[in-house]
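One structure below.
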Amino acid sequence: MDGKKIFRIGFIGMGTVGQGVWKHLWRDRDIMQRRFGAEYELAKACVRDINKKRDIEITRQQMTGDPYSVVNDPSIDIVCELMGGTDKALELTLAALKQGKVVVSANKAVICKHGAQIFETAQKYGGKYFFEASVAGGIPIIKVLREGLVANRFSLIYGILNGTCNYILTRMERENAPYEAIVEDARRLGYVEADESLDLDGWDAAHKISILAYLAHGVWANPEKDMLVSGIRGVKLEDMHWASENDARIKLVAAARRTGNSLFVSVYPALLPMADVVANVNDVYNAVALSGDVVGRTVHIGRGAGQDATASAVIADIADAIKSLAVSAPCSLSVAKDSNLHLASLEEVSGEFYLRMEVKDEAGVLAQVASLLAGENISIELLQQKKHGVEGRVWLLLTTHECTEASINRACKKLEDSEIIFGKPFVLRIFKGL
């Protein structure tokens, strides 16, 4: 490879993922360079604390506290943005792209929030943007969507996109242990984000499915405005037991379902039938199922987080970046958009639902519940009453026939406002693939 250009790589952020990428690129550089077909150098890394001890081979001269010394260095070809957050990450990403640099990112939040602006800037200034590590960690799902299955239109994309929630739900079922106890263990093991709502309330998965929906359909779904997003905090052992008795399993499901000209993008805890491969993906693993009109159904499973899984995806992007720079390939971030496609309202989306309610143990309660549901044109399919640990209360578990998301929301509000139940009804969607 003598005489060829040596590509210089700079890092913004040297946390768990950054150190994993640096470690493998340095330790395995001879193998990597042969695979890449080019030489590279680890030029510089912006870190918060230069004096902090790290488990990688990096010199003080290679470290800086100023991210712009990485972005504005004319000798650096590839900028790895691994700092997290949105505002500063966006600012630095745009600055690098405006200089025609390549940016590699694992930052799903900034892509979800500002993807359109990032892609437009890359196109305008001749920069390149790679983001495989932003979704599903070590599963190369973005490359699958954009390259391997490029011939397909996707009626349904769904799966498990948050390993923390999957770990919690797996252990609850396996150990018959309550949510609170398992979450505490997950915190202790470092599985839960500092901002717990990202994991437990579904926002992390929402960012990821938003990206996949855009790549598949060319439409950005804003998690806070355009999506149904709920997390796993309300799941109880009573729900786990019901699922097991009915040959199902509870998973936090992220989905983008197209029906006609409407697209529904969502994240919620759901009952998946045990016959579904995704229902059998446990612990910290992720899974993505794709239903394409040409290929049919494919399922992709792997580690969705962790240093090495995410580093693997970042390094794959670096390899693609080097190859694109070596041949001066133009940036290709265009996504086909169907002008007739719109994001579905809750009135347009139908399904079957499981409800758990804590109700008074007295005559007439079941009739009142049925009446309130019937008022929203919701009919009950299955009904079960179970013992409660508090005297004078019982658990009421039921499933509905098909109804709209809007009607189940209205019914739950009426139930909550009534005097026959305690607290709010807990809802699980009964998920059905194609």
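For the structure tokens, the naming scheme is as follows: chains receive sequential letters (A, B, ...) according to their order of presentation, residues are indexed from 1 within each chain, and ligands are indexed from 1 in presentation order.
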Residue neighbourhood A:Ser328, 12 Å, only C-alpha atoms, exclusion window fewer than 6 positions, as a list in words: Gly100, Lys101, Val102, Gly126, Gly127, Lys128, Asp320, Ala321 and Ile322 of chain A
From the DSSP assignment of the backbone, select every residue of stretch 186-325 of chain A that is strand (DSSP E or B), and format the answer as a VMD selection string. chain A and resid 228 to 229 248 to 259 262 to 273 285 to 292 296 to 303
Could you write those residues out with N, CA and C atoms, as a short mmCIF file (atom, residue, chain, number, x, y, z; two decimals), in the first residue's frame?
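Saved as selection_4.cif:
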```
data_model
loop_
_atom_site.label_atom_id
_atom_site.label_comp_id
_atom_site.auth_asym_id
_atom_site.auth_seq_id
_atom_site.Cartn_x
_atom_site.Cartn_y
_atom_site.Cartn_z
N LEU A 228 -47.08 7.01 18.37
CA LEU A 228 -47.58 6.49 19.64
C LEU A 228 -46.37 5.90 20.37
N VAL A 229 -46.02 6.45 21.52
CA VAL A 229 -44.84 5.99 22.27
C VAL A 229 -45.22 5.72 23.71
N ALA A 248 -48.09 -16.46 24.62
CA ALA A 248 -47.57 -15.19 24.11
C ALA A 248 -46.45 -14.71 25.03
N ARG A 249 -45.79 -13.65 24.61
CA ARG A 249 -44.71 -13.07 25.40
C ARG A 249 -44.76 -11.55 25.25
N ILE A 250 -44.45 -10.84 26.31
CA ILE A 250 -44.48 -9.38 26.28
C ILE A 250 -43.13 -8.84 25.84
N LYS A 251 -43.14 -7.99 24.83
CA LYS A 251 -41.94 -7.32 24.34
C LYS A 251 -42.25 -5.85 24.09
N LEU A 252 -41.23 -4.99 24.21
CA LEU A 252 -41.38 -3.61 23.79
C LEU A 252 -41.14 -3.59 22.28
N VAL A 253 -42.20 -3.35 21.52
CA VAL A 253 -42.15 -3.47 20.06
C VAL A 253 -42.12 -2.08 19.42
N ALA A 254 -41.13 -1.86 18.58
CA ALA A 254 -41.07 -0.67 17.73
C ALA A 254 -41.51 -1.09 16.34
N ALA A 255 -42.40 -0.32 15.73
CA ALA A 255 -42.95 -0.76 14.45
C ALA A 255 -43.26 0.41 13.53
N ALA A 256 -43.12 0.14 12.23
CA ALA A 256 -43.56 1.06 11.18
C ALA A 256 -44.39 0.23 10.22
N ARG A 257 -45.71 0.42 10.27
CA ARG A 257 -46.63 -0.39 9.47
C ARG A 257 -47.31 0.49 8.43
N ARG A 258 -47.20 0.07 7.18
CA ARG A 258 -47.87 0.79 6.10
C ARG A 258 -49.14 0.05 5.69
N THR A 259 -50.24 0.79 5.66
CA THR A 259 -51.51 0.25 5.19
C THR A 259 -52.06 1.22 4.15
N SER A 262 -51.24 5.11 4.30
CA SER A 262 -50.97 5.60 5.66
C SER A 262 -49.84 4.80 6.30
N LEU A 263 -49.06 5.49 7.10
CA LEU A 263 -47.92 4.89 7.80
C LEU A 263 -48.07 5.16 9.29
N PHE A 264 -48.07 4.09 10.08
CA PHE A 264 -48.20 4.21 11.53
C PHE A 264 -46.87 3.79 12.16
N VAL A 265 -46.24 4.72 12.85
CA VAL A 265 -44.94 4.47 13.50
C VAL A 265 -45.16 4.52 15.00
N SER A 266 -44.69 3.49 15.71
CA SER A 266 -45.07 3.36 17.12
C SER A 266 -44.02 2.59 17.92
N VAL A 267 -44.10 2.78 19.24
CA VAL A 267 -43.33 1.97 20.20
C VAL A 267 -44.25 1.70 21.38
N TYR A 268 -44.44 0.44 21.74
CA TYR A 268 -45.30 0.12 22.86
C TYR A 268 -45.04 -1.31 23.33
N PRO A 269 -45.36 -1.61 24.60
CA PRO A 269 -45.28 -3.01 25.04
C PRO A 269 -46.42 -3.79 24.41
N ALA A 270 -46.12 -4.95 23.89
CA ALA A 270 -47.13 -5.71 23.14
C ALA A 270 -47.04 -7.19 23.46
N LEU A 271 -48.13 -7.87 23.21
CA LEU A 271 -48.17 -9.33 23.30
C LEU A 271 -47.85 -9.91 21.93
N LEU A 272 -46.74 -10.63 21.85
CA LEU A 272 -46.36 -11.31 20.61
C LEU A 272 -46.61 -12.80 20.76
N PRO A 273 -47.19 -13.44 19.77
CA PRO A 273 -47.38 -14.90 19.85
C PRO A 273 -46.03 -15.60 19.88
N TYR A 285 -30.47 -8.76 23.58
CA TYR A 285 -30.45 -8.86 22.13
C TYR A 285 -31.56 -8.02 21.49
N ASN A 286 -31.28 -7.56 20.29
CA ASN A 286 -32.25 -6.85 19.45
C ASN A 286 -32.68 -7.75 18.31
N ALA A 287 -33.82 -7.41 17.70
CA ALA A 287 -34.29 -8.13 16.52
C ALA A 287 -35.07 -7.16 15.64
N VAL A 288 -34.89 -7.28 14.34
CA VAL A 288 -35.66 -6.47 13.40
C VAL A 288 -36.23 -7.40 12.34
N ALA A 289 -37.56 -7.37 12.18
CA ALA A 289 -38.24 -8.15 11.15
C ALA A 289 -38.69 -7.20 10.04
N LEU A 290 -38.39 -7.57 8.81
CA LEU A 290 -38.75 -6.75 7.66
C LEU A 290 -39.65 -7.56 6.73
N SER A 291 -40.75 -6.96 6.30
CA SER A 291 -41.65 -7.61 5.34
C SER A 291 -41.58 -6.82 4.04
N GLY A 292 -40.87 -7.38 3.05
CA GLY A 292 -40.72 -6.71 1.77
C GLY A 292 -41.56 -7.36 0.70
N GLY A 296 -40.04 -10.98 0.77
CA GLY A 296 -40.87 -11.60 1.80
C GLY A 296 -40.40 -11.15 3.18
N ARG A 297 -40.41 -12.05 4.13
CA ARG A 297 -40.06 -11.70 5.51
C ARG A 297 -38.63 -12.12 5.84
N THR A 298 -37.86 -11.19 6.39
CA THR A 298 -36.53 -11.52 6.90
C THR A 298 -36.45 -11.05 8.34
N VAL A 299 -35.66 -11.75 9.15
CA VAL A 299 -35.49 -11.39 10.56
C VAL A 299 -33.99 -11.30 10.85
N HIS A 300 -33.60 -10.23 11.53
CA HIS A 300 -32.19 -9.96 11.81
C HIS A 300 -32.01 -9.82 13.31
N ILE A 301 -31.11 -10.61 13.89
CA ILE A 301 -30.96 -10.69 15.34
C ILE A 301 -29.50 -10.49 15.72
N GLY A 302 -29.26 -9.75 16.79
CA GLY A 302 -27.90 -9.57 17.28
C GLY A 302 -27.88 -8.65 18.48
N ARG A 303 -26.70 -8.42 19.00
CA ARG A 303 -26.56 -7.52 20.14
C ARG A 303 -26.86 -6.09 19.70
#
```
Tell me, as a ChimeraX atom specification, which residues lie within 9 Å of A:Ser350, counting only C-alpha atoms; anything in the same chain fewer than 4 positions away does not count. /A:346,402-406
As a ChimeraX atom specification, please: all residues of stretch 47-235 of chain A that backbone DSSP puts in alpha helix (DSSP H). /A:68-71,87-98,108-125,141-143,163-175,179-188,196-200,203-217
Here is a test: counting only C-alpha atoms, which residue of A:Ala177, A:Val359, A:Met227, A:Ile209 is nearest to A:Ser345?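 Among the listed residues, A:Met227 lies closest to A:Ser345.
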So that I can check the surroundings of A:Gly163, please list as a list in words every protein, DNA and RNA residue that reaches within 9 Å of it, counting only C-alpha atoms and ignoring chain neighbours fewer than 4 positions away.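 Final neighbour list, sorted by chain and number: Ala136, Tyr167, Ile168, Tyr191, Asp199, Asn282, Asp283, Val284, Tyr285, Asn286, Arg303, Gly304 and Ala305 of chain A.
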Mind dumping a table of every stretch 22-66 of chain A residue within 10 Å of stretch 10-13 of chain A, with the nearest atom pair and its distance in Å to one decimal, using only C-alpha atoms, sorted by chain and rising number, as CSV?
```
residue,atom,partner,partner_atom,distance
A:Trp22,CA,A:Phe11,CA,8.8
A:Glu41,CA,A:Gly10,CA,8.9
A:Leu42,CA,A:Gly10,CA,6.5
A:Ala43,CA,A:Gly10,CA,5.4
A:Lys44,CA,A:Gly10,CA,4.8
A:Ala45,CA,A:Phe11,CA,4.4
A:Cys46,CA,A:Ile12,CA,4.8
A:Val47,CA,A:Gly13,CA,5.6
A:Arg48,CA,A:Gly13,CA,7.8
A:Gln62,CA,A:Gly10,CA,9.3
A:Met63,CA,A:Phe11,CA,9.3
A:Thr64,CA,A:Ile12,CA,9.4
A:Gly65,CA,A:Ile12,CA,9.4
A:Asp66,CA,A:Ile12,CA,9.0
```
Output N, CA and C atoms for every residue in the selection just made, as a PDB file, in the first residue's frame.
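Wrote part23.pdb, looks like this:
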```
ATOM      1  N   TRP A  22     -11.609   2.801  18.762  1.00  0.00           N
ATOM      2  CA  TRP A  22     -10.167   3.089  18.754  1.00  0.00           C
ATOM      3  C   TRP A  22      -9.373   1.818  19.026  1.00  0.00           C
ATOM      4  N   GLU A  41      -4.732   6.434   9.861  1.00  0.00           N
ATOM      5  CA  GLU A  41      -4.095   6.841  11.110  1.00  0.00           C
ATOM      6  C   GLU A  41      -5.173   7.309  12.081  1.00  0.00           C
ATOM      7  N   LEU A  42      -4.978   7.003  13.353  1.00  0.00           N
ATOM      8  CA  LEU A  42      -5.835   7.550  14.396  1.00  0.00           C
ATOM      9  C   LEU A  42      -5.225   8.884  14.799  1.00  0.00           C
ATOM     10  N   ALA A  43      -5.814   9.973  14.296  1.00  0.00           N
ATOM     11  CA  ALA A  43      -5.161  11.274  14.363  1.00  0.00           C
ATOM     12  C   ALA A  43      -5.341  11.983  15.695  1.00  0.00           C
ATOM     13  N   LYS A  44      -6.587  12.095  16.127  1.00  0.00           N
ATOM     14  CA  LYS A  44      -6.861  12.954  17.274  1.00  0.00           C
ATOM     15  C   LYS A  44      -8.201  12.571  17.881  1.00  0.00           C
ATOM     16  N   ALA A  45      -8.325  12.784  19.198  1.00  0.00           N
ATOM     17  CA  ALA A  45      -9.581  12.505  19.882  1.00  0.00           C
ATOM     18  C   ALA A  45      -9.898  13.620  20.850  1.00  0.00           C
ATOM     19  N   CYS A  46     -11.111  14.152  20.765  1.00  0.00           N
ATOM     20  CA  CYS A  46     -11.576  15.146  21.724  1.00  0.00           C
ATOM     21  C   CYS A  46     -12.184  14.413  22.920  1.00  0.00           C
ATOM     22  N   VAL A  47     -11.663  14.709  24.106  1.00  0.00           N
ATOM     23  CA  VAL A  47     -12.121  14.052  25.330  1.00  0.00           C
ATOM     24  C   VAL A  47     -12.477  15.103  26.370  1.00  0.00           C
ATOM     25  N   ARG A  48     -13.272  14.719  27.339  1.00  0.00           N
ATOM     26  CA  ARG A  48     -13.626  15.654  28.408  1.00  0.00           C
ATOM     27  C   ARG A  48     -12.488  15.852  29.389  1.00  0.00           C
ATOM     28  N   GLN A  62      -2.332  12.974  21.228  1.00  0.00           N
ATOM     29  CA  GLN A  62      -3.474  12.642  20.374  1.00  0.00           C
ATOM     30  C   GLN A  62      -4.805  13.113  20.955  1.00  0.00           C
ATOM     31  N   MET A  63      -4.773  13.659  22.180  1.00  0.00           N
ATOM     32  CA  MET A  63      -5.999  14.079  22.839  1.00  0.00           C
ATOM     33  C   MET A  63      -6.112  15.596  22.895  1.00  0.00           C
ATOM     34  N   THR A  64      -7.352  16.062  22.858  1.00  0.00           N
ATOM     35  CA  THR A  64      -7.637  17.483  22.950  1.00  0.00           C
ATOM     36  C   THR A  64      -8.952  17.677  23.688  1.00  0.00           C
ATOM     37  N   GLY A  65      -9.137  18.846  24.257  1.00  0.00           N
ATOM     38  CA  GLY A  65     -10.402  19.168  24.893  1.00  0.00           C
ATOM     39  C   GLY A  65     -11.293  20.009  24.002  1.00  0.00           C
ATOM     40  N   ASP A  66     -10.810  20.346  22.813  1.00  0.00           N
ATOM     41  CA  ASP A  66     -11.524  21.234  21.899  1.00  0.00           C
ATOM     42  C   ASP A  66     -12.036  20.458  20.690  1.00  0.00           C
TER      43      ASP A  66
END
```
Contacts of A:His114 within 12 Å, only C-alpha atoms, excl. fewer than 2 positions in-chain, as a PyMOL selection string: chain A and resi 85-87+89-91+93-94+107-112+116-121+207+210-211+220-222
List the spatial neighbours of A:Asn340 as a PyMOL selection string - criterion: any atom at most 10 Å away, only C-alpha atoms, same-chain residues fewer than 3 positions off excluded. chain A and resi 260-262+337
List the neighbours of A:Val17 out to 9 Å using only C-alpha atoms; skip same-chain residues closer than 5 positions along the sequence, and give me the result as a PyMOL selection string. chain A and resi 22+82+106+306-311+314
Which value, in Å to one decimal, gives the distance between atom CA of A:Asn409 and atom CA of A:Gly159?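 Spanning atom CA of A:Asn409 to atom CA of A:Gly159 is a straight-line distance of 23.5 Å.
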Report the distance between atom CA of A:Gln384 and atom CA of A:Leu372 in Å, rounded to one decimal place.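 Straight-line distance from atom CA of A:Gln384 to atom CA of A:Leu372 works out to 17.3 Å.
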